[in-house]
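Structure first, then comments.
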Amino acid sequence: MTDQHRPESADAPASPLAGRTINFGSGGGAPFGGLSVIGGDLAGGDAPADEPLGDGLPTETRVLIIGSGPAGLTAAIYAARANLEPVVLGGSTPGGQLMLTSEIENFPGFPEGVDGPELMNRFRAQAERFGARFHDFDVDRVDLSARPFRAWARGLEFRGQTLILATGASALWLNLESEQRLRGRGVSACATCDGFFFRDKEIAVVGGGDSAMEEANYLTRFATKVHLIHRRDGFRASKIMIDRTYGNPKIEVHTNTEVAEVLGGEFVDGLRLRDPRDDSERVLPLEGLFIAIGHRPNTDVFRDWLETDDKGYLMPHEHTASRIPGVFIAGDVADHRYRQAITAAGDGARAALDAERWLESEGVIEHVAQAAW
Ligand SMILES: Cc1cc2nc3c(=O)[nH]c(=O)nc-3n(C[C@H](O)[C@H](O)[C@H](O)COP(=O)(O)OP(=O)(O)OC[C@H]3O[C@@H](n4cnc5c(N)ncnc54)[C@H](O)[C@@H]3O)c2cc1C
């Protein structure tokens with residue numbers, strides 16, 4: 001993401017789809033023969049007039065996928081190539097988290113790196129090529145009590161014989177105007193993804209938990225110096241991580257310190273820091289800022305039906321299967337450990353293969369289609 005030499009990426013957070021083509025069902029793949037449309041008011045009801053929903057666009061499918069990040073789109077590619085004619089409810093961020101970033105240097109197959117939105121448009125075009133259909137709606141309710149499973153979005157009811165949940169997680173931000181403006185220009189929420197861009201630079205990490213300390217230690221591989229900034233006196237992190245952090249000669253810890261403003265015009269060139277005890281302020285010159293104050297999994301609509309861990313992440317029961325037979329889980333919505341596009345995509349492939357096998361075991365499809373390979 002944080003390519004300090006790519007100023008055109010700066011407005012991505014404010015308008016993640018700016019300049020992107022999203023094709024509603026216009027892919028040149030297999031036709032949707034055999035799928036019935038339920039809920040007769042597809043073109044009316046709660047659907048906004050400017051949405052190209054009309055008679056003939058499917059709301060019923062064998063594989064309903066919720067989420068269109070790397071996990072959901074990979075599941076769509078696999079399910080579509082297995083002739084399962086998936087329908088994807090892509091949410092309000094079609095393409096997922098990578099739509100909010102620029103240079104991706106760790107996704108295999110792109111030795112020169114690839115722009116996040118471009119990568120996700122390629123995923124989507126590949127899914128559409130094989131017949132996946134998309135509605136970029138947020139699901140606000142599901143009913144997982146019986147098959148077909150049901151999901152509602154914008155007043156429309158969608159039904160799936162299987163369901164793949166791939167709604168991801170959202171990085172938490174400080175919500176400063178200057179932080180949002182400089183995202184992709186020195187401000188990041190992913191050390192694994194962007195640390196490499198900060199070789200021989202002085203940077204800061206904000207946060208007080210294990211993740212913040214892990215990221216601060218990891219970033220010392222690249223940076224000349226890492227400032228760990230935490231607004232409280234004590235840390236939430238484990239003792240071992242605290243000891244490791246204080247023992248790292250390249251890390252300087254600043255407690256009782258909060259970021260009042262990220263400074264910089266085109267790129268980050270410093271922080272205005274405040275001591276919340278007396279409101280005194282000072283400026284710290286540096287070139288990068290990593291926000292490590294946590295992620296929020298997008299699981300609200302599933303919580304009445306599925307188990308979550310203490311952080312709110314979904315918990316797969318066996319492989320990608322949830323405890324509800326026919327409901328599968330993929331990507332960051334269940335993963336606070338790896339949180340990478342490649343691992344989410346891998347999960348999407350696994351979930352689609354598991355869904356396909358489950359449909360076969362239930363007699364919904366006759367045999368596992370070889371087309372998936
Ligand atoms: C700034 C930044 C930079 C990053 N850089 C890299 C990198 O360089 N390399 C790398 O490998 N990873 C990177 N990552 C991490 C990577 O983006 C994620 O690991 C990956 O996107 C997770 O994929 P996912 O499909 O599980 O979820 P997401 O990408 O989070 O996608 C979730 C999808 O679910 C949809 N959704 C959410 N709620 C609903 C709902 N109620 N109804 C319908 N749809 C819904 C959203 O619209 C979205 O389409 C970065 C992340 C960030 C934040």
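Chain labels A, B, ... are given in the sequence in which chains occur in the structure tokens; within each chain residues are numbered consecutively from 1, and ligands are likewise numbered from 1 in the order shown.
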
Could I get the residues of chain A with an atom no further than 6 Å from an atom of ligand 1, each paired with its nearest atom pair and that distance in Å to one decimal, using only C-alpha atoms and all ligand atoms, sorted by chain and residue number, as JSON lines?
{"residue": "A:Met1", "atom": "CA", "partner": "ligand 1", "partner_atom_place_in_ligand_line": "3 (C)", "distance": 5.5}
{"residue": "A:Ile66", "atom": "CA", "partner": "ligand 1", "partner_atom_place_in_ligand_line": "43 (C)", "distance": 5.0}
{"residue": "A:Gly67", "atom": "CA", "partner": "ligand 1", "partner_atom_place_in_ligand_line": "34 (O)", "distance": 3.3}
{"residue": "A:Ser68", "atom": "CA", "partner": "ligand 1", "partner_atom_place_in_ligand_line": "49 (O)", "distance": 3.7}
{"residue": "A:Gly69", "atom": "CA", "partner": "ligand 1", "partner_atom_place_in_ligand_line": "25 (O)", "distance": 3.4}
{"residue": "A:Pro70", "atom": "CA", "partner": "ligand 1", "partner_atom_place_in_ligand_line": "25 (O)", "distance": 4.0}
{"residue": "A:Ala71", "atom": "CA", "partner": "ligand 1", "partner_atom_place_in_ligand_line": "25 (O)", "distance": 3.7}
{"residue": "A:Gly72", "atom": "CA", "partner": "ligand 1", "partner_atom_place_in_ligand_line": "25 (O)", "distance": 5.4}
{"residue": "A:Leu89", "atom": "CA", "partner": "ligand 1", "partner_atom_place_in_ligand_line": "43 (C)", "distance": 5.3}
{"residue": "A:Gly90", "atom": "CA", "partner": "ligand 1", "partner_atom_place_in_ligand_line": "44 (N)", "distance": 4.7}
{"residue": "A:Gly91", "atom": "CA", "partner": "ligand 1", "partner_atom_place_in_ligand_line": "44 (N)", "distance": 3.2}
{"residue": "A:Ser92", "atom": "CA", "partner": "ligand 1", "partner_atom_place_in_ligand_line": "47 (O)", "distance": 4.5}
{"residue": "A:Thr93", "atom": "CA", "partner": "ligand 1", "partner_atom_place_in_ligand_line": "47 (O)", "distance": 3.5}
{"residue": "A:Pro94", "atom": "CA", "partner": "ligand 1", "partner_atom_place_in_ligand_line": "49 (O)", "distance": 4.2}
{"residue": "A:Gly95", "atom": "CA", "partner": "ligand 1", "partner_atom_place_in_ligand_line": "49 (O)", "distance": 4.8}
{"residue": "A:Gly96", "atom": "CA", "partner": "ligand 1", "partner_atom_place_in_ligand_line": "29 (O)", "distance": 3.4}
{"residue": "A:Gln97", "atom": "CA", "partner": "ligand 1", "partner_atom_place_in_ligand_line": "29 (O)", "distance": 4.0}
{"residue": "A:Leu98", "atom": "CA", "partner": "ligand 1", "partner_atom_place_in_ligand_line": "17 (O)", "distance": 4.4}
{"residue": "A:Thr101", "atom": "CA", "partner": "ligand 1", "partner_atom_place_in_ligand_line": "1 (C)", "distance": 5.3}
{"residue": "A:Ile104", "atom": "CA", "partner": "ligand 1", "partner_atom_place_in_ligand_line": "8 (O)", "distance": 4.1}
{"residue": "A:Glu105", "atom": "CA", "partner": "ligand 1", "partner_atom_place_in_ligand_line": "8 (O)", "distance": 6.0}
{"residue": "A:Asn106", "atom": "CA", "partner": "ligand 1", "partner_atom_place_in_ligand_line": "9 (N)", "distance": 5.6}
{"residue": "A:Phe107", "atom": "CA", "partner": "ligand 1", "partner_atom_place_in_ligand_line": "11 (O)", "distance": 6.0}
{"residue": "A:Phe137", "atom": "CA", "partner": "ligand 1", "partner_atom_place_in_ligand_line": "43 (C)", "distance": 5.8}
{"residue": "A:Asp138", "atom": "CA", "partner": "ligand 1", "partner_atom_place_in_ligand_line": "42 (N)", "distance": 3.5}
{"residue": "A:Val139", "atom": "CA", "partner": "ligand 1", "partner_atom_place_in_ligand_line": "42 (N)", "distance": 3.7}
{"residue": "A:Asp140", "atom": "CA", "partner": "ligand 1", "partner_atom_place_in_ligand_line": "41 (N)", "distance": 5.7}
{"residue": "A:Ala166", "atom": "CA", "partner": "ligand 1", "partner_atom_place_in_ligand_line": "26 (O)", "distance": 5.6}
{"residue": "A:Thr167", "atom": "CA", "partner": "ligand 1", "partner_atom_place_in_ligand_line": "34 (O)", "distance": 3.3}
{"residue": "A:Gly168", "atom": "CA", "partner": "ligand 1", "partner_atom_place_in_ligand_line": "27 (O)", "distance": 3.3}
{"residue": "A:Ala169", "atom": "CA", "partner": "ligand 1", "partner_atom_place_in_ligand_line": "30 (O)", "distance": 4.8}
{"residue": "A:Ala171", "atom": "CA", "partner": "ligand 1", "partner_atom_place_in_ligand_line": "53 (C)", "distance": 5.6}
{"residue": "A:Ser188", "atom": "CA", "partner": "ligand 1", "partner_atom_place_in_ligand_line": "1 (C)", "distance": 5.4}
{"residue": "A:Ala189", "atom": "CA", "partner": "ligand 1", "partner_atom_place_in_ligand_line": "1 (C)", "distance": 5.0}
{"residue": "A:Cys190", "atom": "CA", "partner": "ligand 1", "partner_atom_place_in_ligand_line": "3 (C)", "distance": 5.4}
{"residue": "A:Cys193", "atom": "CA", "partner": "ligand 1", "partner_atom_place_in_ligand_line": "8 (O)", "distance": 4.0}
{"residue": "A:Asn298", "atom": "CA", "partner": "ligand 1", "partner_atom_place_in_ligand_line": "38 (N)", "distance": 5.3}
{"residue": "A:Gly331", "atom": "CA", "partner": "ligand 1", "partner_atom_place_in_ligand_line": "26 (O)", "distance": 3.4}
{"residue": "A:Asp332", "atom": "CA", "partner": "ligand 1", "partner_atom_place_in_ligand_line": "26 (O)", "distance": 3.8}
{"residue": "A:Val333", "atom": "CA", "partner": "ligand 1", "partner_atom_place_in_ligand_line": "26 (O)", "distance": 5.8}
{"residue": "A:Arg339", "atom": "CA", "partner": "ligand 1", "partner_atom_place_in_ligand_line": "19 (O)", "distance": 3.8}
{"residue": "A:Gln340", "atom": "CA", "partner": "ligand 1", "partner_atom_place_in_ligand_line": "19 (O)", "distance": 3.4}
{"residue": "A:Ala341", "atom": "CA", "partner": "ligand 1", "partner_atom_place_in_ligand_line": "11 (O)", "distance": 3.7}
{"residue": "A:Ile342", "atom": "CA", "partner": "ligand 1", "partner_atom_place_in_ligand_line": "11 (O)", "distance": 5.5}
{"residue": "A:Ala344", "atom": "CA", "partner": "ligand 1", "partner_atom_place_in_ligand_line": "26 (O)", "distance": 4.8}

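Selecting alpha helix (DSSP H) from the backbone DSSP output for stretch 196-227 of chain A yields Asp210, Ser211, Ala212, Met213, Glu214, Glu215, Ala216, Asn217, Tyr218 and Leu219 of chain A.
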
For the contact check between stretch 221-310 of chain A and stretch 194-211 of chain A, emit one row per residue of stretch 221-310 of chain A within 9 Å, containing the shortest atom pair and the distance in Å rounded to one decimal, counting only C-alpha atoms, chain then rising number order, as CSV.
residue,atom,partner,partner_atom,distance
A:Arg221,CA,A:Arg199,CA,8.1
A:Phe222,CA,A:Arg199,CA,4.4
A:Ala223,CA,A:Asp200,CA,4.8
A:Thr224,CA,A:Asp200,CA,5.0
A:Lys225,CA,A:Glu202,CA,4.9
A:Val226,CA,A:Ile203,CA,5.1
A:His227,CA,A:Ala204,CA,4.4
A:Leu228,CA,A:Val205,CA,4.9
A:Ile229,CA,A:Val206,CA,4.8
A:His230,CA,A:Gly207,CA,5.4
A:Arg231,CA,A:Gly207,CA,7.9
A:Arg232,CA,A:Gly208,CA,8.1
A:Gly234,CA,A:Gly208,CA,8.0
A:Phe235,CA,A:Gly208,CA,5.1
A:Arg236,CA,A:Gly209,CA,4.8
A:Ala237,CA,A:Gly209,CA,4.1
A:Ser238,CA,A:Asp210,CA,6.4
A:Met241,CA,A:Asp210,CA,6.4
A:Ile242,CA,A:Asp210,CA,8.2
A:Glu258,CA,A:Val206,CA,8.3
A:Val259,CA,A:Val206,CA,8.2
A:Gly270,CA,A:Ile203,CA,8.9
A:Leu271,CA,A:Ala204,CA,8.9
A:Pro285,CA,A:Glu202,CA,8.3
A:Leu286,CA,A:Glu202,CA,5.1
A:Glu287,CA,A:Ile203,CA,5.6
A:Gly288,CA,A:Ile203,CA,4.5
A:Leu289,CA,A:Ala204,CA,4.9
A:Phe290,CA,A:Val205,CA,4.6
A:Ile291,CA,A:Val206,CA,5.1
A:Ala292,CA,A:Gly207,CA,5.2
A:Ile293,CA,A:Gly207,CA,4.9
A:Gly294,CA,A:Ser211,CA,7.7
